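Report on the following structure.
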Amino acid sequence: MSIRIVHVGVGVRGRHWLDVVASHPDFVSVACVDRDQKALDEVRALPGQEHGRFYTDYEKALAEVEADAVLIATPSFLHGQHAKTALEAGLAVLVEKPLAPGLEEAAATVALARKLGKPLMVAENFRFFQAERTVRKLLDEGRIGRIGSVVCIDRRDQPSHSQGPWVKGMADPFLNEIAVHHFDSFRYLFGSQPESILARSFNPPGSDYDDGAALEGLISLSNGVSIQYSGTLVATRYEYDLLIEGENGEIRTDRKTVSWRSKADKSAHKVPLVEVPKGDELPYPRAGTVSILNQFRDVVTRSVEPETSGADNIWTLAMVEAVKLSQKEGRRVRIDEVFTPEMLGRANLDIPNGGGLTNGGGQRSATGHRSAGNGQRVLFIGLDSADAVLIEQWEKDGFLPNIARMRAGGTSGRMGTTAEILHVSAWPSIFTGVTPDKHGLYHAYVMNPGDQSPTRPKPDKTPFPFFWRQLSDAGRKSIVMDAFMTCPLQNFNGSQIVEWGTWSWFSEPTILPSRLKGEIEAKFGDYPAPEHSKVGTMPDSRWFRDALIAGVEKKTQVIKWLMQKEEWDLFLAVYGETHAAGHYLWHLHDASYPSHPKDVDPSLRNALRDVYVAIDRGIGEILKQVDNQTTVFLVSGDGMGPNYSASHVLEQLLKEMRMMATTGDAGDTQKGSRVGSGFNSKHLLSRIRKMIPQSIRTTVSQTFFSHSMKEKLALKWLTAGIVWEKTRAFLISNANEGYVRVNLKGREP
């Protein structure tokens, strides 16, 4: 009886698996699942797929289709969640490497499979290549005696590497797509687990990848084997070379052939390749896949333990994590440093060299937080003006793996938002739980009865408190960082970081308690990106993108530090960099936008996406510090797209309708006096101001005026020049939406 397979993911790698399964006598494909309807339609058009079953909903497919197993070939950051779903549905799992994007999730998946008694196998095909099998046979025979050193080089040019489009934008693509295979192969060839790694990932000149397309390092195994390793995805030509030096000679392979030579005669002897199942020969990507299916068949039908079980794959993942830590800290990393006791307990693993989990002589403990309450916490991550359409597209393309994992592992959806009409009101509505007509924080500028000039909204005057105020009053401790349109609260139980890295300030920058201000300044310095009033004119795109990314990275470090240092029940932090990027980098992203450059610099074409990717990386770092007692929310109050606002014509429209009058208008005989006679200096200054170029005004403002002084002047200019006795309605504009206010008798002066 054939084993019924549901294919999850039908991209580049998934379609190879469809072909292999179709030609294997012991398997049959019963359904295909992919979130991309276009990809499903392309598979449906393939020969033999006319009567297949196709789903965009994974859980629906598992509920409706009778199957024995799933074969997961989705982007790697989704592997753990998709494996968990299949295991819980009672199915055996064959998943492309890696088992999960992180050790914690991998260990949990292994523990779940063991608890449910379901097979879990990882498709690591390099170890099944003919050359690798042949080399292992020679080593087992003792052909070269004890191994002294190993050198492995894998240089790939573009045509030699089949990959999904999302790989171009992923973090460390060589490490996560290629080196992970080699790490598994090294463990197989030399029969030993890793002990330590010194390595660095980097992006060579001329690379069209967004991140590390190359890797070099030194790997030590627990049996004493030392491996010099290097590889790249952007070589001029393809080259693979594995050289193993032993006490009696050497073994060498380029994957097509294997040879050995003894120290006695110095001659190279070509060795016949061992037999492998038909279809497993080179070229890649089919090589090794039939052997994997054969093992998976035995796993499902005879409960045989596979070579590449989920538990075994954890050691390969540990090597990947060790490379990342080595890269970050610039040192050799022992493999036990990347584990916590909880991981080992979940996966039922032992450190191969018998060493304890130590770091600098002390006991290594799992990452944790201190709670001021009963242990239940909430982490609220805000993305200011991050656009849902962009997030969903870039998530689908593989550029936002951490956000994708959150959505896949939790509940997500589009909220209704007041931002459709009054965009500034979105965050206050979320923070207070009421609509703008109740909280009163609906625009960047507010007119008050009796005043002719607007003021900034005053968040501390809203009759509906922010929810962290209510938590404080209930005895819960909160850390609130860069919440949009908020202010410091008095007698607050917790820490407040106000206007440190926000895009638009509504109060003065403040850090409370005051001791925290000194600590943050000493440890992290100033926030590197500008506040919007300091930008003024269109900034240099490269400088602005890099400043925002630097801001994201510094904010992430501050958040991680605070999570560990301070007690908290609620931690709320908002990334404002998406707001700034949307305003000043959109034109580079959107080819249909009128100001899109004809010859945009290729390195800046994805500048907007680069900022989102940096935030996704930051979210991934933060989530590593989250335990199972913490509920995480990821929220964007409003989005951002191309600005086709016509608010700039509203003033002229009001004038044409004879509803608004300003000094200098035809027929104005009163020279702008607000009382109908006399000289009004404010109106004259307004006219002079309009004659001065924006660039000069910006330079003078940034050089000579404080933030509070600039605020006062800006507020005065908004209504300067209005002839009040001739005006029935007037405009307050912030270049995004029209704000027309009736000049109501008894309310306006």
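Labels for the structure tokens follow display order: chains A, B, ..., residues from 1 in each chain, ligands from 1.
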Using only C-alpha atoms, tabulate the residues of region 198-297 of chain A lying at most 12 Å from any atom of region 115-124 of chain A, each with its closest atom pair and that distance in Å to one decimal, by chain and increasing residue number, as JSON lines.
```
{"residue": "A:Pro285", "atom": "CA", "partner": "A:Glu124", "partner_atom": "CA", "distance": 11.7}
{"residue": "A:Arg286", "atom": "CA", "partner": "A:Ala123", "partner_atom": "CA", "distance": 11.9}
{"residue": "A:Ala287", "atom": "CA", "partner": "A:Glu124", "partner_atom": "CA", "distance": 10.9}
{"residue": "A:Gly288", "atom": "CA", "partner": "A:Glu124", "partner_atom": "CA", "distance": 8.5}
{"residue": "A:Thr289", "atom": "CA", "partner": "A:Ala123", "partner_atom": "CA", "distance": 7.9}
{"residue": "A:Val290", "atom": "CA", "partner": "A:Ala123", "partner_atom": "CA", "distance": 10.7}
{"residue": "A:Ser291", "atom": "CA", "partner": "A:Ala123", "partner_atom": "CA", "distance": 9.9}
{"residue": "A:Ile292", "atom": "CA", "partner": "A:Ala123", "partner_atom": "CA", "distance": 6.5}
{"residue": "A:Leu293", "atom": "CA", "partner": "A:Ala123", "partner_atom": "CA", "distance": 8.9}
{"residue": "A:Asn294", "atom": "CA", "partner": "A:Ala123", "partner_atom": "CA", "distance": 11.6}
{"residue": "A:Gln295", "atom": "CA", "partner": "A:Met121", "partner_atom": "CA", "distance": 9.1}
{"residue": "A:Phe296", "atom": "CA", "partner": "A:Met121", "partner_atom": "CA", "distance": 7.2}
{"residue": "A:Arg297", "atom": "CA", "partner": "A:Pro119", "partner_atom": "CA", "distance": 10.5}
```
Please, could you write that set of residues out with N, CA and C atoms as a compact mmCIF listing (two decimals), in the first residue's frame?
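Result file follows (result-v2.txt):
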```
# COMPACT_ATOMS: atom_id res chain seq x y z
N PRO A 285 19.23 18.82 -8.25
CA PRO A 285 18.77 18.63 -6.88
C PRO A 285 18.17 17.26 -6.58
N ARG A 286 18.11 16.36 -7.58
CA ARG A 286 17.51 15.05 -7.29
C ARG A 286 18.44 14.16 -6.47
N ALA A 287 19.73 14.41 -6.54
CA ALA A 287 20.70 13.52 -5.89
C ALA A 287 20.38 13.35 -4.42
N GLY A 288 20.30 12.10 -4.00
CA GLY A 288 20.06 11.78 -2.60
C GLY A 288 18.61 11.70 -2.19
N THR A 289 17.70 12.19 -3.03
CA THR A 289 16.30 12.27 -2.60
C THR A 289 15.62 10.90 -2.57
N VAL A 290 15.99 9.99 -3.46
CA VAL A 290 15.39 8.65 -3.45
C VAL A 290 15.79 7.92 -2.18
N SER A 291 17.05 8.03 -1.78
CA SER A 291 17.50 7.41 -0.54
C SER A 291 16.75 7.97 0.67
N ILE A 292 16.49 9.27 0.63
CA ILE A 292 15.72 9.88 1.72
C ILE A 292 14.32 9.28 1.77
N LEU A 293 13.67 9.16 0.61
CA LEU A 293 12.33 8.57 0.59
C LEU A 293 12.36 7.11 1.03
N ASN A 294 13.39 6.38 0.64
CA ASN A 294 13.49 4.98 1.08
C ASN A 294 13.58 4.89 2.60
N GLN A 295 14.39 5.76 3.20
CA GLN A 295 14.48 5.76 4.66
C GLN A 295 13.16 6.18 5.29
N PHE A 296 12.52 7.18 4.70
CA PHE A 296 11.25 7.65 5.26
C PHE A 296 10.18 6.56 5.16
N ARG A 297 10.21 5.81 4.07
CA ARG A 297 9.29 4.66 3.94
C ARG A 297 9.49 3.69 5.10
```
Which of region 365-607 of chain A DSSP labels strand (DSSP E), written as a PyMOL selection string: chain A and resi 377-383+478-481+494-498+510-512+570-575
Generate a file of the selected residues that holds C-alpha atoms, formatted as a PDB file, in the first residue's frame.
```pdb
ATOM      1  CA  ARG A 377       3.471  38.993  30.927  1.00  0.00           C
ATOM      2  CA  VAL A 378       2.537  40.866  27.773  1.00  0.00           C
ATOM      3  CA  LEU A 379       5.042  42.052  25.184  1.00  0.00           C
ATOM      4  CA  PHE A 380       3.506  44.625  22.819  1.00  0.00           C
ATOM      5  CA  ILE A 381       5.615  45.467  19.742  1.00  0.00           C
ATOM      6  CA  GLY A 382       4.297  48.370  17.697  1.00  0.00           C
ATOM      7  CA  LEU A 383       5.211  49.175  14.098  1.00  0.00           C
ATOM      8  CA  SER A 478       5.224  48.394  32.846  1.00  0.00           C
ATOM      9  CA  ILE A 479       8.027  49.506  30.558  1.00  0.00           C
ATOM     10  CA  VAL A 480       6.745  51.852  27.838  1.00  0.00           C
ATOM     11  CA  MET A 481       9.114  52.916  25.071  1.00  0.00           C
ATOM     12  CA  GLY A 494       7.486  51.297  35.928  1.00  0.00           C
ATOM     13  CA  SER A 495       9.790  52.886  33.359  1.00  0.00           C
ATOM     14  CA  GLN A 496       8.947  55.407  30.641  1.00  0.00           C
ATOM     15  CA  ILE A 497      11.075  56.247  27.606  1.00  0.00           C
ATOM     16  CA  VAL A 498       9.312  59.015  25.711  1.00  0.00           C
ATOM     17  CA  THR A 510      12.061  62.091  28.694  1.00  0.00           C
ATOM     18  CA  ILE A 511      13.391  58.955  30.402  1.00  0.00           C
ATOM     19  CA  LEU A 512      12.027  58.001  33.819  1.00  0.00           C
ATOM     20  CA  LEU A 570       3.864  44.816  30.306  1.00  0.00           C
ATOM     21  CA  PHE A 571       6.634  45.776  27.902  1.00  0.00           C
ATOM     22  CA  LEU A 572       5.411  48.098  25.144  1.00  0.00           C
ATOM     23  CA  ALA A 573       7.851  49.317  22.503  1.00  0.00           C
ATOM     24  CA  VAL A 574       7.175  50.931  19.134  1.00  0.00           C
ATOM     25  CA  TYR A 575       9.470  50.979  16.112  1.00  0.00           C
TER      26      TYR A 575
END
```
DSSP alpha helix (DSSP H) selection over region 308-532 of chain A, as JSON, numbers by chain: {"A": [310, 311, 312, 313, 314, 315, 316, 317, 318, 319, 320, 321, 322, 323, 324, 325, 326, 327, 328, 329, 341, 342, 343, 344, 345, 346, 347, 388, 389, 390, 391, 392, 393, 394, 395, 396, 401, 402, 403, 404, 405, 406, 407, 408, 409, 426, 427, 428, 429, 430, 431, 432, 436, 437, 438, 439, 467, 468, 469, 470, 471, 472, 473, 514, 515, 516, 517, 518, 519, 520, 521, 522, 523, 524]}
Distance query Ala268 (chain A) at most 12 Å, only C-alpha atoms, self and fewer than 2 positions along chain excluded, as a PyMOL selection string: chain A and resi 249-253+257-266+270-271
Region 150-156 of chain A environment, 12 Å, only C-alpha atoms, sequence neighbours closer than 4 positions dropped, as a ChimeraX atom specification: /A:146,160-162,174-175,178-179,181-183,185-186,189-190,213-221,224-246,250-255
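Every protein, DNA or RNA residue with an atom at most 7 Å from region 59-70 of chain A, where only C-alpha atoms count and chain neighbours fewer than 5 positions away do not, is listed here: Ile3, Arg4, Ile5, Val6, His7, Val8, Ala86, Leu91, Ala92, Val93 and Leu94 of chain A.
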Write a file of the selected residues as an mmCIF file, in the first residue's frame, keeping N, CA and C atoms.
```cif
data_model
loop_
_atom_site.group_PDB
_atom_site.id
_atom_site.type_symbol
_atom_site.label_atom_id
_atom_site.label_comp_id
_atom_site.auth_asym_id
_atom_site.auth_seq_id
_atom_site.Cartn_x
_atom_site.Cartn_y
_atom_site.Cartn_z
ATOM 1 N N ILE A 3 2.241 5.013 0.566
ATOM 2 C CA ILE A 3 2.173 6.021 1.630
ATOM 3 C C ILE A 3 1.659 7.315 1.014
ATOM 4 N N ARG A 4 0.571 7.833 1.588
ATOM 5 C CA ARG A 4 -0.103 9.013 1.023
ATOM 6 C C ARG A 4 0.546 10.291 1.572
ATOM 7 N N ILE A 5 1.025 11.115 0.638
ATOM 8 C CA ILE A 5 1.800 12.308 0.996
ATOM 9 C C ILE A 5 1.020 13.581 0.673
ATOM 10 N N VAL A 6 0.984 14.510 1.628
ATOM 11 C CA VAL A 6 0.531 15.878 1.382
ATOM 12 C C VAL A 6 1.779 16.748 1.237
ATOM 13 N N HIS A 7 1.904 17.411 0.099
ATOM 14 C CA HIS A 7 3.052 18.287 -0.145
ATOM 15 C C HIS A 7 2.734 19.688 0.377
ATOM 16 N N VAL A 8 3.552 20.179 1.278
ATOM 17 C CA VAL A 8 3.365 21.517 1.836
ATOM 18 C C VAL A 8 4.482 22.402 1.292
ATOM 19 N N ALA A 86 1.378 19.288 11.537
ATOM 20 C CA ALA A 86 1.213 17.934 11.000
ATOM 21 C C ALA A 86 1.285 16.885 12.102
ATOM 22 N N LEU A 91 0.152 12.878 11.803
ATOM 23 C CA LEU A 91 0.844 12.468 10.584
ATOM 24 C C LEU A 91 2.357 12.393 10.791
ATOM 25 N N ALA A 92 2.990 11.505 10.023
ATOM 26 C CA ALA A 92 4.448 11.459 9.988
ATOM 27 C C ALA A 92 4.953 12.675 9.218
ATOM 28 N N VAL A 93 6.172 13.119 9.537
ATOM 29 C CA VAL A 93 6.690 14.355 8.951
ATOM 30 C C VAL A 93 8.067 14.124 8.333
ATOM 31 N N LEU A 94 8.193 14.513 7.062
ATOM 32 C CA LEU A 94 9.485 14.641 6.395
ATOM 33 C C LEU A 94 9.623 16.114 6.037
#
```
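Among A:Glu307, A:Glu281, A:Asp638, A:Glu88, the residue with the shortest atom-to-atom distance to Ala388 (chain A), counting only C-alpha atoms, is A:Asp638.
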Residue among A:Glu177, A:Glu105, A:Asp312, A:Glu329 lying closest to Asp627 (chain A), counting only C-alpha atoms: A:Glu105
Which of A:Ala408, A:Ala591, A:Ile403, A:Val135 sits closest to Asp57 (chain A) [using only C-alpha atoms]: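 Nearest to Asp57 (chain A): A:Ala408.
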Proximity to Lys523 (chain A) - best of A:Lys554, A:Phe466, A:Arg545, A:Asn402, only C-alpha atoms: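 Counting only C-alpha atoms, the residue closest to Lys523 (chain A) is A:Lys554.
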